[in-house]
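Contents: one structure, followed by commentary.
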Amino acid sequence: MSVQSAVKRKTAPELRARKNGEPIVMLTSYHAHTAALVDKHCDAILVGDSLGNVMHGFETTVPVTLDMMILQGRAVMRGSRQALVVVDMPFGSYEGSREQAFASAVRIMKETLCGAVKLEGGVRMAETVAFLSERGIPVMGHVGLTPQSINTLGSFRAQGREEASWAPIEADAKAIAEAGAFSIVVEAVAEPLARKITQSIAVPTIGIGASAACDGQVLVLEDMLGLSPRAPKFVRRYGNLGPMIEEAIAGYARDVKSRAFPGPEHVYEMKKT
Ligand code: KIV
C-alpha cells in the first residue's frame, strides 16, 4: 500500500507553467518553524545559502557546505506541507564538473526530499543545467548578481546598470532557460534589463532587487522581517522584528533579576502559542 500525504506539494513543472500568469511568491526559510509560517502564503520556499550570512554570521556565502544545506533543507521540508522547496547548491559543490553537480544534487534531493535545487551562473553552467534536468533534477537558475562569485566580482553591486553591460546577463538567462531550468532568479539588475529578460525567455523569472517586471519575487525572510542587522537597500520591510525581540528579551531579563519569574506551576503548564 502506498502512503500518500493529504496535501499535494507544488511541483517545478507547476511553477514553470506560471510564466505570464499569477506572480510567483517565494521567500527563504532555513528552519521548520519559519517554514510552517512561510508555507501558508508562498508557492515556493528557498533554502538559500544566505543561511551562511543570516544563521551563521559569515560575511559571504562562500563558506557554506553541502552538509549545512542538507540539514536546513530537511528542517524546512519537515515544517512545510504545500510549497515547492528549492535548496541552494553551495559554492564548490557543482562548478567542478557536471558529474560533481549531479552527485551533489542527488545528495540534496535524496537526503532532504526537496523538489528542486538552485545554482548560480549563466552560460558557463548551461551544460550542467542540461545534464541535471535531463536526469530528473529540476534546476532553478540564478543570474545577475551571483553572490557566490564575490571574490571575483569584488563587491555586491547591482548588475547591468549601463545598457552596454546588459548583453552578457541576457545571454546568461537565455542559456540557462534553454538548457532546461524551470525558472530563474534574477538578482540586483536594473528594471529595463529585468523586463527584457522576462520577455525574452520561456520560463518564469523570479526577481530579487530586480523590479516588479519579473514573473515572481523572492526575498530573504529575515531581511523583510527587519531581523537582519544589514539588509540590501532594495528590500521593503514588512516588519520590525529585531527591536521587538530585543524588547521581549529585555523584559525577560528584568523579570529574572527582580525575581518576578513565574513559579513551577506555570512552567509545567504548556501554553499553545
Ligand atoms: O541564498 C539566497 O537567499 C538566495 C536569494 C538571495 C535569491 O539565493
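Residue numbering restarts at 1 in every chain; chains get A, B, ... in the order shown in the C-alpha cells, and ligands count up from 1 in that same order.
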Taking 5 positions as the minimum chain separation for residues in the same chain, which residues sit within 8 Å of stretch 52-65 of chain A when counting only C-alpha atoms? Answer as an MDAnalysis selection string. chainID A and resid 90:91 93 147:148 150 222 228
Now that the selection is made, can you save its residues with C-alpha atoms as a JSON list (two decimals), in the first residue's frame?
[["chain", "number", "residue", "atom", "x", "y", "z"],
["A", 90, "PRO", "CA", 26.55, 25.81, -2.17],
["A", 91, "PHE", "CA", 29.79, 27.17, -3.60],
["A", 93, "SER", "CA", 29.55, 21.65, -4.77],
["A", 147, "PRO", "CA", 26.90, 36.24, -4.52],
["A", 148, "GLN", "CA", 28.99, 33.04, -4.57],
["A", 150, "ILE", "CA", 32.01, 37.67, -4.63],
["A", 222, "GLU", "CA", 14.89, 37.86, 7.91],
["A", 228, "SER", "CA", 18.84, 41.17, 9.76]]
If you count only C-alpha atoms, which residues fall within 10 Å of A:Lys233, apart from same-chain ones fewer than 3 positions away, as a PyMOL selection string? chain A and resi 209+230+236
Mind writing the picked residues with C-alpha atoms as a PDB file, in the first residue's frame?
ATOM      1  CA  GLY A 209      16.067  43.604  -6.282  1.00  0.00           C
ATOM      2  CA  ARG A 230      22.165  44.655   7.492  1.00  0.00           C
ATOM      3  CA  ARG A 236      10.974  46.545   1.519  1.00  0.00           C
TER       4      ARG A 236
END
Taking only C-alpha atoms and all ligand atoms into account, list the residues no farther than 8 Å from ligand 1, as a list in words. Thr28, Leu46, Val47, Gly48, Asp49, Ser50, Leu51, Thr61, Asp88, Lys118, His142, Pro147, Val185, Val186, Glu187, Ile208, Val218, Leu219 and Val220 of chain A
For A:Glu191: contacts at 8 Å, only C-alpha atoms, fewer than 3 positions along chain excluded, given as a PyMOL selection string: chain A and resi 194-195+210-213
Would you mind exporting the chosen residues as a PDB file, in the first residue's frame, restricted to N, CA, C and O atoms?
ATOM      1  N   ALA A 194      15.645  43.610 -16.427  1.00  0.00           N
ATOM      2  CA  ALA A 194      14.797  42.534 -15.876  1.00  0.00           C
ATOM      3  C   ALA A 194      13.584  42.320 -16.788  1.00  0.00           C
ATOM      4  O   ALA A 194      13.197  41.186 -17.075  1.00  0.00           O
ATOM      5  N   ARG A 195      13.013  43.426 -17.271  1.00  0.00           N
ATOM      6  CA  ARG A 195      11.851  43.335 -18.168  1.00  0.00           C
ATOM      7  C   ARG A 195      12.230  42.642 -19.473  1.00  0.00           C
ATOM      8  O   ARG A 195      11.528  41.755 -19.961  1.00  0.00           O
ATOM      9  N   ALA A 210      15.121  43.284  -8.477  1.00  0.00           N
ATOM     10  CA  ALA A 210      15.132  43.343  -9.946  1.00  0.00           C
ATOM     11  C   ALA A 210      13.795  43.857 -10.481  1.00  0.00           C
ATOM     12  O   ALA A 210      13.461  43.579 -11.637  1.00  0.00           O
ATOM     13  N   SER A 211      13.033  44.547  -9.652  1.00  0.00           N
ATOM     14  CA  SER A 211      11.788  45.222 -10.048  1.00  0.00           C
ATOM     15  C   SER A 211      10.596  44.279 -10.184  1.00  0.00           C
ATOM     16  O   SER A 211      10.750  43.055 -10.232  1.00  0.00           O
ATOM     17  N   ALA A 212       9.431  44.908 -10.331  1.00  0.00           N
ATOM     18  CA  ALA A 212       8.173  44.155 -10.466  1.00  0.00           C
ATOM     19  C   ALA A 212       7.989  43.588 -11.863  1.00  0.00           C
ATOM     20  O   ALA A 212       6.977  42.943 -12.151  1.00  0.00           O
ATOM     21  N   ALA A 213       8.954  43.829 -12.751  1.00  0.00           N
ATOM     22  CA  ALA A 213       8.813  43.329 -14.134  1.00  0.00           C
ATOM     23  C   ALA A 213       8.993  41.810 -14.220  1.00  0.00           C
ATOM     24  O   ALA A 213       8.736  41.216 -15.261  1.00  0.00           O
TER      25      ALA A 213
END
Residue neighbourhood stretch 19-25 of chain A, 8 Å, only C-alpha atoms, exclusion window fewer than 2 positions, as a ChimeraX atom specification: /A:15-17,27,41-44,202-204,206,215-218
Just list the residues in stretch 49-255 of chain A DSSP gives strand (DSSP E) on the backbone, as a count of residues only. 27
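What separates atom CA of A:Met224 from atom CA of A:Leu241 is a distance of 9.5 Å.
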Spatial neighbours of A:Pro168, max dist 12 Å, only C-alpha atoms, sep filter under 6 positions, as a PyMOL selection string: chain A and resi 121-124+143-144+159-160+174-175+193+197
Write out as a PyMOL selection string all residues of stretch 24-185 of chain A that DSSP puts in helix (DSSP H, G or I) for this structure's backbone. chain A and resi 32-39+51-54+66-79+98-112+123-134+147-153+163-179
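The residue that comes closest to A:Cys114, out of A:Gln100, A:Thr11, A:Ser29, A:Asn151 and on the basis of only C-alpha atoms, is A:Thr11.
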To one decimal place, how far is atom CA of A:Val87 from atom CA of A:Lys196 in Å?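 Computed distance, atom CA of A:Val87 to atom CA of A:Lys196, equals 27.0 Å.
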Enter the distance from atom CA of A:Ala75 to atom CA of A:Gly141, in Å, rounded to one decimal.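 Spanning atom CA of A:Ala75 to atom CA of A:Gly141 is a straight-line distance of 22.9 Å.
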Pick from A:Gly154, A:Pro243, A:Gly96, A:Pro229, whichever lies nearest to A:Thr128 using only C-alpha atoms: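 Using only C-alpha atoms, A:Thr128 sits closest to A:Gly96.
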All residues 10 Å or closer to A:Tyr238, only C-alpha atoms, same chain fewer than 5 positions away omitted, as a ChimeraX atom specification: /A:221,223-226
Dump N, CA and C atoms for the selected residues as a PDB file, in the first residue's frame?
ATOM      1  N   LEU A 221      13.824  36.063   4.134  1.00  0.00           N
ATOM      2  CA  LEU A 221      12.787  36.285   5.150  1.00  0.00           C
ATOM      3  C   LEU A 221      13.234  37.251   6.245  1.00  0.00           C
ATOM      4  N   ASP A 223      15.416  39.530   6.199  1.00  0.00           N
ATOM      5  CA  ASP A 223      15.561  40.910   5.698  1.00  0.00           C
ATOM      6  C   ASP A 223      14.208  41.609   5.686  1.00  0.00           C
ATOM      7  N   MET A 224      13.177  40.930   5.159  1.00  0.00           N
ATOM      8  CA  MET A 224      11.877  41.606   5.048  1.00  0.00           C
ATOM      9  C   MET A 224      11.163  41.712   6.404  1.00  0.00           C
ATOM     10  N   LEU A 225      11.612  40.911   7.377  1.00  0.00           N
ATOM     11  CA  LEU A 225      11.023  40.987   8.718  1.00  0.00           C
ATOM     12  C   LEU A 225      11.723  42.021   9.606  1.00  0.00           C
ATOM     13  N   GLY A 226      12.794  42.620   9.091  1.00  0.00           N
ATOM     14  CA  GLY A 226      13.538  43.588   9.907  1.00  0.00           C
ATOM     15  C   GLY A 226      14.350  42.909  10.995  1.00  0.00           C
TER      16      GLY A 226
END
Which residues come within 7 Å of A:Ala32, counting only C-alpha atoms, excluding same-chain residues fewer than 2 positions away, as a ChimeraX atom specification? /A:34-36,75-76,78-79
